[in-house]
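J.: First the structure, then my questions, so here it is.
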Amino acid sequence: MVNTEKFIAEAIKKIQTESNGEKVVIALSGGVDSSVCAELASRAIGDRLIPIYVDTGLMRKGETKRISEIFGHLGLKVVDASDEFLDALEGESDPEKKRKIVGERFIRVFEREALATKAKFLLQGTIYPDCIESEGGIKSHHNVGGLPLTMEFTGVIEPLRELYKDEVREVAEALGLPKEIAHRMPFPGPGLSVRVVGKVTREAIEVVREANAIIEDVLVERYRPWQCLGALVGLGTGVKGDNRLHGWIVAVRAVNSRDGMTADPIEVAFKDLQEIESRITSTIPSVARVVYDVTPKPPATIEYE
Amino acid sequence: MLPLFVVNNYGQFNHLILRALRDLDIDAKLIPNTTPVEDVIAGCRGIILGGGPDISRAGMSDQYIHLKKPVLGICLGLHVIAQTFGGTVQSGQKGGYGAVEVTITDHDTILTGYPEKMQVWASHADEVIVLPVGFNRLATSSICGNEAIAHKELPVFGIQWHPEVSHTFEGYRIFENFNHICQDQTEV
């Protein structure tokens, strides 16, 4: 476990030394890793830090607004690129291609914005498992060694390289970041696009965004899950107001975990599941069914794609 | 004192072995499974063979077993040990994914301090079907007969489940026990 006081002091010093009086840019997602990095850097170098938040149109309901509020004091630059992302994804159903499209688009948007800042350094929230998995050849992480930008930075600063996720959360609390950031559930880089199994459309993204908001509203406070989510897993037959509906099936998932490497489904009370079902089917016209996923990881993963 | 080496066999939990050791304040290093044998002999006081997706990608793991150092094989690491000593590894009748209840039949070595039954987490299709000659069985389950094995004379141990993941009951004990075994060996 990390000694947070010592870690914060050292990280601030490290950022000051490495940035060498130059401007530093960070892609702030509102997740705990990048938020902790931004807060550390803000304490270290003040307004030489330029945080940029890209709204991909694949964020959760109200997320962009909330992050703008929380990080407004850091001079957060909010870039609305939702049309770019949604146009590029329209009709795509291959999960790997979705990831690639979002990843590439993100890099182009961020690069465009970063160039304008004339920053010399890139700050990244790379954590320990990212580094070690890349070294071991398990999978390559965008975070390691910098985003694959064509622009040249003098250097990449990664203050969280030695930490695990739960340790980052401890640092977040020690920094006094709001609980909603410190305990923020992991959210995949490709956002809601991987919570629509199969073809991505604007309509499907809207539906899954609404469903996720309801699921979080019911479950987060009552169960404090490591992660909870809803995904559109296909179409099924329903009947609403005497009319047949070939509508979405929403799968609800809620798991506990320490580090995301293994996870077990939460025993959500039946009345809470019924509340989710009733709110989703009554407020989202195109949903016909709601189901609950009881599979641990392994064999399933936490997200659907 | 030399560190323990954790051999990376590309399993998704390999870095959690390092974390488990770090949390116990046991010095350890992750090494590629292509590390030359001389470097392994000179560099560590014990070897943990990590899990992984495919025995054909286990590199030189099998050679690290015969270096007169304590060895703990986890999942695929167990399979490497079993094959090296002449046991049989094959797909089991059913895979073990997620929670598995194991029954411990021998508490004397690597499983010291555990109850008779406990819940662990596993992720495997293959298993040790035939125990190699010279080995004892330490634990069993309804999924797989040889959940944990140990050589009768050498400090060589294999475990089918993943002690490094947080869902396994008191997984840290196995690493503590192995660390003690490594220290005892160093003193001899």
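All residue names refer to the structure tokens as shown: chains lettered A, B, ... in order, residues numbered from 1 in each chain, ligands numbered from 1 in order.
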Please provide as a PyMOL selection string all residues within 9 Å of range 45-62 of chain B, with the sequence filter that same-chain residues fewer than 4 positions apart are discarded (counting only C-alpha atoms).

T.: chain B and resi 1-14+17+32-37+40-41+66+69-81+83-84+124+162+178-179+181-183+185-186

J.: Would you give me, as an NGL selection string, the residues in range 1-232 of chain A that DSSP reads as helix (DSSP H, G or I)?

T.: :A and (4-19 or 32-48 or 63-74 or 82-89 or 95-117 or 128-136 or 165-174 or 179-182 or 191-195 or 202-223)

J.: Write out as a list of chain:residue names the residues lying within 6 Å of range 93-105 of chain A, counting only C-alpha atoms and excluding same-chain residues fewer than 3 positions away.

T.: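 Everything that qualifies: A:Arg108, A:Pro190, A:Gly198, A:Lys199, A:Glu305.
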
J.: One decimal, Å: what's the distance from CA of Ala114 in chain A over to CA of Glu167 in chain A, could you say?

T.: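 Separation between CA of Ala114 in chain A and CA of Glu167 in chain A: 29.1 Å.
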
J.: Identify which of the residues B:Val102, B:Ala122, B:Val89, B:Val165 lies closest to Thr140 in chain B, counting only C-alpha atoms when measuring atom-to-atom distances.

T.: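 When distances to Thr140 in chain B are compared using only C-alpha atoms, the smallest one comes from B:Val102.
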
J.: Which residues, written as a PyMOL selection string, have at least one atom at most 12 Å from range 203-209 of chain A, with only C-alpha atoms counted and residues fewer than 6 positions away on the same chain left out?

T.: chain A and resi 56-63+82+85-86+89-93+190-197+215-216+229-235+247-252+280-281+283-288+290

J.: Please provide the set of residues having any atom within 12 Å of Arg22 in chain B, restricted to only C-alpha atoms, with same-chain residues fewer than 3 positions apart removed, written as a ChimeraX atom specification.

T.: /A:1-2,162-164 /B:3-4,15-19,25-30,164,172,175-176

J.: With N, CA and C atoms retained, could you export that selection as a PDB file, in the first residue's frame?

T.:
```pdb
ATOM      1  N   MET A   1       0.837  -1.206   0.000  1.00  0.00           N
ATOM      2  CA  MET A   1       0.000   0.000   0.000  1.00  0.00           C
ATOM      3  C   MET A   1       0.869   1.252   0.000  1.00  0.00           C
ATOM      4  N   VAL A   2       0.354   2.269  -0.614  1.00  0.00           N
ATOM      5  CA  VAL A   2       1.156   3.467  -0.853  1.00  0.00           C
ATOM      6  C   VAL A   2       1.049   4.448   0.329  1.00  0.00           C
ATOM      7  N   GLU A 162       4.014   3.673 -10.742  1.00  0.00           N
ATOM      8  CA  GLU A 162       4.278   2.629  -9.737  1.00  0.00           C
ATOM      9  C   GLU A 162       3.015   2.177  -9.014  1.00  0.00           C
ATOM     10  N   LEU A 163       1.867   2.771  -9.336  1.00  0.00           N
ATOM     11  CA  LEU A 163       0.669   2.513  -8.527  1.00  0.00           C
ATOM     12  C   LEU A 163      -0.337   1.585  -9.200  1.00  0.00           C
ATOM     13  N   TYR A 164      -1.116   0.907  -8.354  1.00  0.00           N
ATOM     14  CA  TYR A 164      -2.285   0.182  -8.813  1.00  0.00           C
ATOM     15  C   TYR A 164      -3.510   1.073  -8.637  1.00  0.00           C
TER      16      TYR A 164
ATOM     17  N   PRO B   3      16.323 -11.412  -5.006  1.00  0.00           N
ATOM     18  CA  PRO B   3      14.853 -11.385  -5.136  1.00  0.00           C
ATOM     19  C   PRO B   3      14.295 -12.730  -5.598  1.00  0.00           C
ATOM     20  N   LEU B   4      12.969 -12.865  -5.556  1.00  0.00           N
ATOM     21  CA  LEU B   4      12.307 -13.963  -6.246  1.00  0.00           C
ATOM     22  C   LEU B   4      12.111 -13.523  -7.693  1.00  0.00           C
ATOM     23  N   HIS B  15       1.124  -9.868 -13.427  1.00  0.00           N
ATOM     24  CA  HIS B  15       1.563  -8.687 -12.671  1.00  0.00           C
ATOM     25  C   HIS B  15       0.933  -8.632 -11.282  1.00  0.00           C
ATOM     26  N   LEU B  16      -0.190  -9.362 -11.103  1.00  0.00           N
ATOM     27  CA  LEU B  16      -0.772  -9.403  -9.759  1.00  0.00           C
ATOM     28  C   LEU B  16       0.081 -10.251  -8.803  1.00  0.00           C
ATOM     29  N   ILE B  17       0.850 -11.187  -9.358  1.00  0.00           N
ATOM     30  CA  ILE B  17       1.779 -11.947  -8.506  1.00  0.00           C
ATOM     31  C   ILE B  17       2.791 -10.964  -7.921  1.00  0.00           C
ATOM     32  N   LEU B  18       3.279 -10.073  -8.757  1.00  0.00           N
ATOM     33  CA  LEU B  18       4.228  -9.062  -8.291  1.00  0.00           C
ATOM     34  C   LEU B  18       3.611  -8.162  -7.242  1.00  0.00           C
ATOM     35  N   ARG B  19       2.359  -7.805  -7.488  1.00  0.00           N
ATOM     36  CA  ARG B  19       1.707  -6.949  -6.512  1.00  0.00           C
ATOM     37  C   ARG B  19       1.530  -7.677  -5.174  1.00  0.00           C
ATOM     38  N   ASP B  25       5.882  -7.144   1.084  1.00  0.00           N
ATOM     39  CA  ASP B  25       7.238  -6.637   1.247  1.00  0.00           C
ATOM     40  C   ASP B  25       8.290  -7.701   0.921  1.00  0.00           C
ATOM     41  N   ILE B  26       7.972  -8.535  -0.063  1.00  0.00           N
ATOM     42  CA  ILE B  26       8.932  -9.548  -0.524  1.00  0.00           C
ATOM     43  C   ILE B  26       9.510  -9.049  -1.854  1.00  0.00           C
ATOM     44  N   ASP B  27      10.821  -8.966  -1.918  1.00  0.00           N
ATOM     45  CA  ASP B  27      11.480  -8.443  -3.104  1.00  0.00           C
ATOM     46  C   ASP B  27      11.307  -9.406  -4.284  1.00  0.00           C
ATOM     47  N   ALA B  28      10.815  -8.896  -5.409  1.00  0.00           N
ATOM     48  CA  ALA B  28      10.577  -9.768  -6.559  1.00  0.00           C
ATOM     49  C   ALA B  28      10.723  -8.990  -7.856  1.00  0.00           C
ATOM     50  N   LYS B  29      10.969  -9.729  -8.917  1.00  0.00           N
ATOM     51  CA  LYS B  29      11.156  -9.105 -10.223  1.00  0.00           C
ATOM     52  C   LYS B  29      10.474  -9.964 -11.273  1.00  0.00           C
ATOM     53  N   LEU B  30       9.807  -9.327 -12.230  1.00  0.00           N
ATOM     54  CA  LEU B  30       9.184 -10.050 -13.340  1.00  0.00           C
ATOM     55  C   LEU B  30      10.224 -10.225 -14.434  1.00  0.00           C
ATOM     56  N   GLU B 164      -2.908 -15.164  -6.583  1.00  0.00           N
ATOM     57  CA  GLU B 164      -2.595 -13.744  -6.733  1.00  0.00           C
ATOM     58  C   GLU B 164      -3.821 -12.859  -6.935  1.00  0.00           C
ATOM     59  N   TYR B 172      -2.457 -14.712  -0.198  1.00  0.00           N
ATOM     60  CA  TYR B 172      -1.118 -14.264   0.193  1.00  0.00           C
ATOM     61  C   TYR B 172      -0.340 -15.334   0.968  1.00  0.00           C
ATOM     62  N   PHE B 175       2.188 -17.298  -0.953  1.00  0.00           N
ATOM     63  CA  PHE B 175       3.425 -16.573  -1.248  1.00  0.00           C
ATOM     64  C   PHE B 175       4.300 -16.463   0.003  1.00  0.00           C
ATOM     65  N   GLU B 176       3.670 -16.262   1.155  1.00  0.00           N
ATOM     66  CA  GLU B 176       4.437 -16.241   2.407  1.00  0.00           C
ATOM     67  C   GLU B 176       5.107 -17.594   2.642  1.00  0.00           C
TER      68      GLU B 176
END
```

J.: Which one is closest to Arg258 in chain A: A:Val218, A:Met185, A:Val294, A:Leu245? Count only C-alpha atoms.

T.: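 Once distances to Arg258 in chain A are computed over only C-alpha atoms, the minimum belongs to A:Met185.
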
J.: Can you list, as a ChimeraX atom specification, all residues belonging to range 17-63 of chain B that DSSP tags as strand (DSSP E or B)?

T.: /B:28-32,46-49

J.: Dump all heavy atoms for the selected residues as a PDB file, in the first residue's frame?

T.:
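See again.pdb below for the written result:
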```
ATOM      1  N   ALA B  28      10.815  -8.896  -5.409  1.00  0.00           N
ATOM      2  CA  ALA B  28      10.577  -9.768  -6.559  1.00  0.00           C
ATOM      3  C   ALA B  28      10.723  -8.990  -7.856  1.00  0.00           C
ATOM      4  O   ALA B  28      10.598  -7.765  -7.880  1.00  0.00           O
ATOM      5  CB  ALA B  28       9.180 -10.372  -6.484  1.00  0.00           C
ATOM      6  N   LYS B  29      10.969  -9.729  -8.917  1.00  0.00           N
ATOM      7  CA  LYS B  29      11.156  -9.105 -10.223  1.00  0.00           C
ATOM      8  C   LYS B  29      10.474  -9.964 -11.273  1.00  0.00           C
ATOM      9  O   LYS B  29      10.546 -11.200 -11.220  1.00  0.00           O
ATOM     10  CB  LYS B  29      12.669  -9.033 -10.492  1.00  0.00           C
ATOM     11  CG  LYS B  29      13.038  -8.048 -11.553  1.00  0.00           C
ATOM     12  CD  LYS B  29      14.544  -7.899 -11.680  1.00  0.00           C
ATOM     13  CE  LYS B  29      14.829  -7.268 -13.011  1.00  0.00           C
ATOM     14  NZ  LYS B  29      15.701  -8.038 -13.866  1.00  0.00           N
ATOM     15  N   LEU B  30       9.807  -9.327 -12.230  1.00  0.00           N
ATOM     16  CA  LEU B  30       9.184 -10.050 -13.340  1.00  0.00           C
ATOM     17  C   LEU B  30      10.224 -10.225 -14.434  1.00  0.00           C
ATOM     18  O   LEU B  30      10.858  -9.248 -14.839  1.00  0.00           O
ATOM     19  CB  LEU B  30       7.995  -9.245 -13.873  1.00  0.00           C
ATOM     20  CG  LEU B  30       7.077  -9.942 -14.873  1.00  0.00           C
ATOM     21  CD1 LEU B  30       6.199 -10.976 -14.177  1.00  0.00           C
ATOM     22  CD2 LEU B  30       6.183  -8.927 -15.591  1.00  0.00           C
ATOM     23  N   ILE B  31      10.405 -11.452 -14.908  1.00  0.00           N
ATOM     24  CA  ILE B  31      11.386 -11.661 -15.984  1.00  0.00           C
ATOM     25  C   ILE B  31      10.723 -12.312 -17.192  1.00  0.00           C
ATOM     26  O   ILE B  31       9.758 -13.072 -17.052  1.00  0.00           O
ATOM     27  CB  ILE B  31      12.577 -12.534 -15.511  1.00  0.00           C
ATOM     28  CG1 ILE B  31      12.100 -13.932 -15.094  1.00  0.00           C
ATOM     29  CG2 ILE B  31      13.356 -11.877 -14.368  1.00  0.00           C
ATOM     30  CD1 ILE B  31      13.212 -14.964 -15.061  1.00  0.00           C
ATOM     31  N   PRO B  32      11.231 -12.026 -18.390  1.00  0.00           N
ATOM     32  CA  PRO B  32      10.713 -12.702 -19.592  1.00  0.00           C
ATOM     33  C   PRO B  32      11.038 -14.198 -19.521  1.00  0.00           C
ATOM     34  O   PRO B  32      12.064 -14.575 -18.933  1.00  0.00           O
ATOM     35  CB  PRO B  32      11.508 -12.060 -20.741  1.00  0.00           C
ATOM     36  CG  PRO B  32      12.186 -10.861 -20.173  1.00  0.00           C
ATOM     37  CD  PRO B  32      12.326 -11.080 -18.704  1.00  0.00           C
ATOM     38  N   GLY B  46      14.520 -17.923  -5.691  1.00  0.00           N
ATOM     39  CA  GLY B  46      13.373 -18.800  -5.901  1.00  0.00           C
ATOM     40  C   GLY B  46      12.628 -18.336  -7.146  1.00  0.00           C
ATOM     41  O   GLY B  46      12.760 -17.182  -7.559  1.00  0.00           O
ATOM     42  N   ILE B  47      11.862 -19.256  -7.740  1.00  0.00           N
ATOM     43  CA  ILE B  47      11.241 -18.971  -9.036  1.00  0.00           C
ATOM     44  C   ILE B  47       9.747 -19.245  -8.974  1.00  0.00           C
ATOM     45  O   ILE B  47       9.325 -20.316  -8.512  1.00  0.00           O
ATOM     46  CB  ILE B  47      11.878 -19.870 -10.127  1.00  0.00           C
ATOM     47  CG1 ILE B  47      13.383 -19.558 -10.240  1.00  0.00           C
ATOM     48  CG2 ILE B  47      11.191 -19.675 -11.471  1.00  0.00           C
ATOM     49  CD1 ILE B  47      14.189 -20.712 -10.783  1.00  0.00           C
ATOM     50  N   ILE B  48       8.957 -18.280  -9.435  1.00  0.00           N
ATOM     51  CA  ILE B  48       7.519 -18.500  -9.578  1.00  0.00           C
ATOM     52  C   ILE B  48       7.199 -18.498 -11.068  1.00  0.00           C
ATOM     53  O   ILE B  48       7.485 -17.521 -11.765  1.00  0.00           O
ATOM     54  CB  ILE B  48       6.711 -17.407  -8.851  1.00  0.00           C
ATOM     55  CG1 ILE B  48       7.015 -17.439  -7.344  1.00  0.00           C
ATOM     56  CG2 ILE B  48       5.212 -17.578  -9.109  1.00  0.00           C
ATOM     57  CD1 ILE B  48       6.339 -16.346  -6.534  1.00  0.00           C
ATOM     58  N   LEU B  49       6.650 -19.603 -11.548  1.00  0.00           N
ATOM     59  CA  LEU B  49       6.257 -19.680 -12.952  1.00  0.00           C
ATOM     60  C   LEU B  49       4.812 -19.210 -13.065  1.00  0.00           C
ATOM     61  O   LEU B  49       3.902 -19.834 -12.528  1.00  0.00           O
ATOM     62  CB  LEU B  49       6.381 -21.120 -13.462  1.00  0.00           C
ATOM     63  CG  LEU B  49       7.767 -21.770 -13.366  1.00  0.00           C
ATOM     64  CD1 LEU B  49       7.685 -23.235 -13.778  1.00  0.00           C
ATOM     65  CD2 LEU B  49       8.783 -21.028 -14.230  1.00  0.00           C
TER      66      LEU B  49
END
```
